[in-house]
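What follows is one structure encoded as structure tokens, with my remarks underneath.
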Amino acid sequence: MPIDATLSVITISYHDPAGLARTLNSVAAQTYAPLEHIIIDGGSGPIVEKMLGDAQPSYWQSRADGGRYDAMNQGIDRATGDVVWLMHSGDCFAEPDSAAIGMTALQASGSVRDRWGYGRARIVGDPVREGIEWGYSPFEMRNFALGIRPIPHQAVLFGMDLLRRIGNYDVNFGLAADHLFMLKAAQAELPIVIDAVLCNFDAGGAGSVRSQRDHFADIRRAWDAAGYYPWGRRDVTDLASRMVEYSARSKQLARSVLSRRTRVGGR
């Protein structure tokens, strides 16, 4: 593929020097070029500042910000590339050629600046789910919007022109602002699905441990914010969502009970 499409990898970080070091090493090991790495740190102190000074990414700052989504918006505003990849502190590319695989797939679909796509994420940092690959194919707009087939945010590439069309992350929406952002992106342009594990996703983050109740409540808020209802009408879509939530919470409870019984039986 031509190497004139620049990839901007954006990493946000706050008080996570070990995770940030892993991400820095992962980005530095990528074979794809041209690539710029932008670090938006929330003011983690001298240790992180020295780490970033030694690593010399394309751009870095370490000062107070308005939270994760404000930091992500700042990173996008700093990016000069054709494609943006948000790789948070602690998350890593799956392999040294992962960025190249993603960029090749995106370019094969047309102009990279107008497209977006996603691959799979491998879960790490969670003993129960360690090694599980997460990412659904094919993309299904209705099931994505219902919260049944979520997209792994760290395995997503966004064309810069598409980002400008859909605007910033909503800093007031809470931990589901990434879902809302991708819902708006899907309304503008359906994503391509990349058949590859593109990243290792650190499952210890705040967004990874939300309850099913919170998850589905945020999903329903996103419909109103995006003006999109998977079943056309708000009331019908809400009923479908409540049924999906009930099923998901029942399955989660059953797994929890089974897990407790297994632990007790093994003593």
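In the structure tokens, chains take letters A, B, ... by order of appearance, with residues numbered from 1 within each chain and ligands from 1 in the order shown.
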Report the closest atom pair, with its distance in Å rounded to one decimal, for each residue of region 216-247 of chain A that has an atom no farther than 10 Å from region 184-193 of chain A; count only C-alpha atoms, sort by chain and then rising residue number, and write it as JSON lines.
{"residue": "A:Ala222", "atom": "CA", "partner": "A:Lys184", "partner_atom": "CA", "distance": 9.3}
{"residue": "A:Trp223", "atom": "CA", "partner": "A:Lys184", "partner_atom": "CA", "distance": 9.7}
{"residue": "A:Ala225", "atom": "CA", "partner": "A:Lys184", "partner_atom": "CA", "distance": 9.2}
{"residue": "A:Ala226", "atom": "CA", "partner": "A:Lys184", "partner_atom": "CA", "distance": 6.2}
{"residue": "A:Gly227", "atom": "CA", "partner": "A:Lys184", "partner_atom": "CA", "distance": 9.1}
{"residue": "A:Tyr228", "atom": "CA", "partner": "A:Gln187", "partner_atom": "CA", "distance": 8.3}
Keeping all heavy atoms, export the residues of the selection given above as a short mmCIF file (atom, residue, chain, number, x, y, z; two decimals), in the first residue's frame.
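Now in again35.cif:
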data_model
loop_
_atom_site.label_atom_id
_atom_site.label_comp_id
_atom_site.auth_asym_id
_atom_site.auth_seq_id
_atom_site.Cartn_x
_atom_site.Cartn_y
_atom_site.Cartn_z
N ALA A 222 -27.98 7.11 24.75
CA ALA A 222 -27.29 7.38 23.49
C ALA A 222 -28.26 7.52 22.33
O ALA A 222 -28.05 8.30 21.41
CB ALA A 222 -26.27 6.28 23.20
N TRP A 223 -29.38 6.74 22.35
CA TRP A 223 -30.36 6.88 21.26
C TRP A 223 -30.88 8.31 21.18
O TRP A 223 -30.98 8.88 20.10
CB TRP A 223 -31.56 5.97 21.50
CG TRP A 223 -31.28 4.53 21.70
CD1 TRP A 223 -30.21 3.81 21.24
CD2 TRP A 223 -32.11 3.62 22.41
NE1 TRP A 223 -30.33 2.51 21.63
CE2 TRP A 223 -31.48 2.36 22.34
CE3 TRP A 223 -33.32 3.73 23.09
CZ2 TRP A 223 -32.03 1.22 22.93
CZ3 TRP A 223 -33.87 2.62 23.67
CH2 TRP A 223 -33.22 1.37 23.60
N ALA A 225 -29.49 11.04 22.34
CA ALA A 225 -28.43 11.99 21.97
C ALA A 225 -28.13 11.94 20.48
O ALA A 225 -27.82 12.97 19.86
CB ALA A 225 -27.17 11.70 22.78
N ALA A 226 -28.20 10.74 19.90
CA ALA A 226 -27.89 10.58 18.47
C ALA A 226 -29.11 10.70 17.58
O ALA A 226 -28.98 10.82 16.36
CB ALA A 226 -27.22 9.22 18.24
N GLY A 227 -30.30 10.66 18.18
CA GLY A 227 -31.52 10.70 17.38
C GLY A 227 -31.72 9.45 16.54
O GLY A 227 -32.25 9.51 15.43
N TYR A 228 -31.30 8.32 17.08
CA TYR A 228 -31.41 7.05 16.35
C TYR A 228 -32.04 6.00 17.25
O TYR A 228 -31.56 5.77 18.38
CB TYR A 228 -30.04 6.56 15.89
CG TYR A 228 -30.09 5.21 15.20
CD1 TYR A 228 -30.40 5.11 13.86
CD2 TYR A 228 -29.86 4.04 15.93
CE1 TYR A 228 -30.49 3.87 13.23
CE2 TYR A 228 -29.93 2.79 15.31
CZ TYR A 228 -30.25 2.72 13.97
OH TYR A 228 -30.33 1.49 13.37
#
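Non-sequential neighbours of region 149-155 of chain A (distance at most 6 Å, separation of 4 or more positions within a chain, only C-alpha atoms) are Leu86, Met87, Tyr118, Gly119, Ala121, Asn143, Phe144, Leu198 and Cys199 of chain A.
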- [ ] Tell me which of A:Ile10, A:Ala196, A:Val112, A:Leu106 sits closest to Ser137 (chain A), counting only C-alpha atoms.
- [x] A:Ala196
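Near Val48 (chain A), within 12 Å and counting only C-alpha atoms, sit Ser13, Tyr14, His15, Asp16, Pro17, Ala18, Gly19, Leu20, Ala21, Leu24, Ile39, Ile40, Asp41, Gly42, Gly43, Ser44, Gly45, Pro46, Lys50, Met51, Leu52, Gly53, Asp54, Ala55, Trp60, Gln61, Ser62, Arg63 and Ser89 of chain A, not including residues fewer than 2 positions from it in the same chain.
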Open item on the list: Please identify the strand (DSSP E) residues within region 3-249 of chain A (assignment by DSSP from backbone atoms) and present them as a VMD selection string.
Closed with: chain A and resid 7 to 13 35 to 41 59 to 62 83 to 86 92 to 93 116 to 124 133 to 134 156 to 159 192 to 202
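CA of Ser26 (chain A) is positioned 14.8 Å from CA of Ser58 (chain A).
We find CA of Gln107 (chain A) and CA of Met160 (chain A) to be spaced 13.1 Å apart.
Closest to Ile123 (chain A) among A:Asn200, A:Thr31, A:Ser250, A:Thr237 is A:Asn200, based on only C-alpha atoms.
Minimum atom-to-atom distance to Tyr229 (chain A), evaluated using only C-alpha atoms, belongs to A:Ala145 out of A:Ile166, A:Val156, A:Ala79, A:Ala145.
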Task: Residues flagged helix (DSSP H, G or I) by DSSP in region 21-264 of chain A, as an NGL selection string - done: :A and (21-28 or 46-55 or 68-78 or 98-108 or 112-114 or 141-145 or 153-155 or 160-166 or 177-188 or 206-208 or 212-226 or 234-264)
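Among A:Leu7, A:Val128, A:Leu163, A:Ala176, the residue with the shortest atom-to-atom distance to Ile38 (chain A), counting only C-alpha atoms, is A:Leu7.
Here CA of Ala28 (chain A) is placed at a distance of 14.9 Å from CA of Thr6 (chain A).
Near Tyr69 (chain A), within a cut-off of 7 Å and counting only C-alpha atoms, sit the residues A:Met72, A:Asn73, A:Tyr169, A:Val171, with same-chain residues fewer than 3 positions away left out.
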Residues of the last selection are to be written out with C-alpha atoms, as an mmCIF file, in the first residue's frame.
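Okay, this is what ended up in result_22.cif:
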data_model
loop_
_atom_site.group_PDB
_atom_site.id
_atom_site.type_symbol
_atom_site.label_atom_id
_atom_site.label_comp_id
_atom_site.auth_asym_id
_atom_site.auth_seq_id
_atom_site.Cartn_x
_atom_site.Cartn_y
_atom_site.Cartn_z
ATOM 1 C CA MET A 72 -9.244 12.439 23.783
ATOM 2 C CA ASN A 73 -10.644 15.573 22.142
ATOM 3 C CA TYR A 169 -16.636 13.273 22.170
ATOM 4 C CA VAL A 171 -17.483 15.283 27.738
#
Task: For Gln74 (chain A), the nearest of the candidates A:Val236, A:Gly110, A:Ile219, A:Thr11, counting only C-alpha atoms - done: A:Thr11
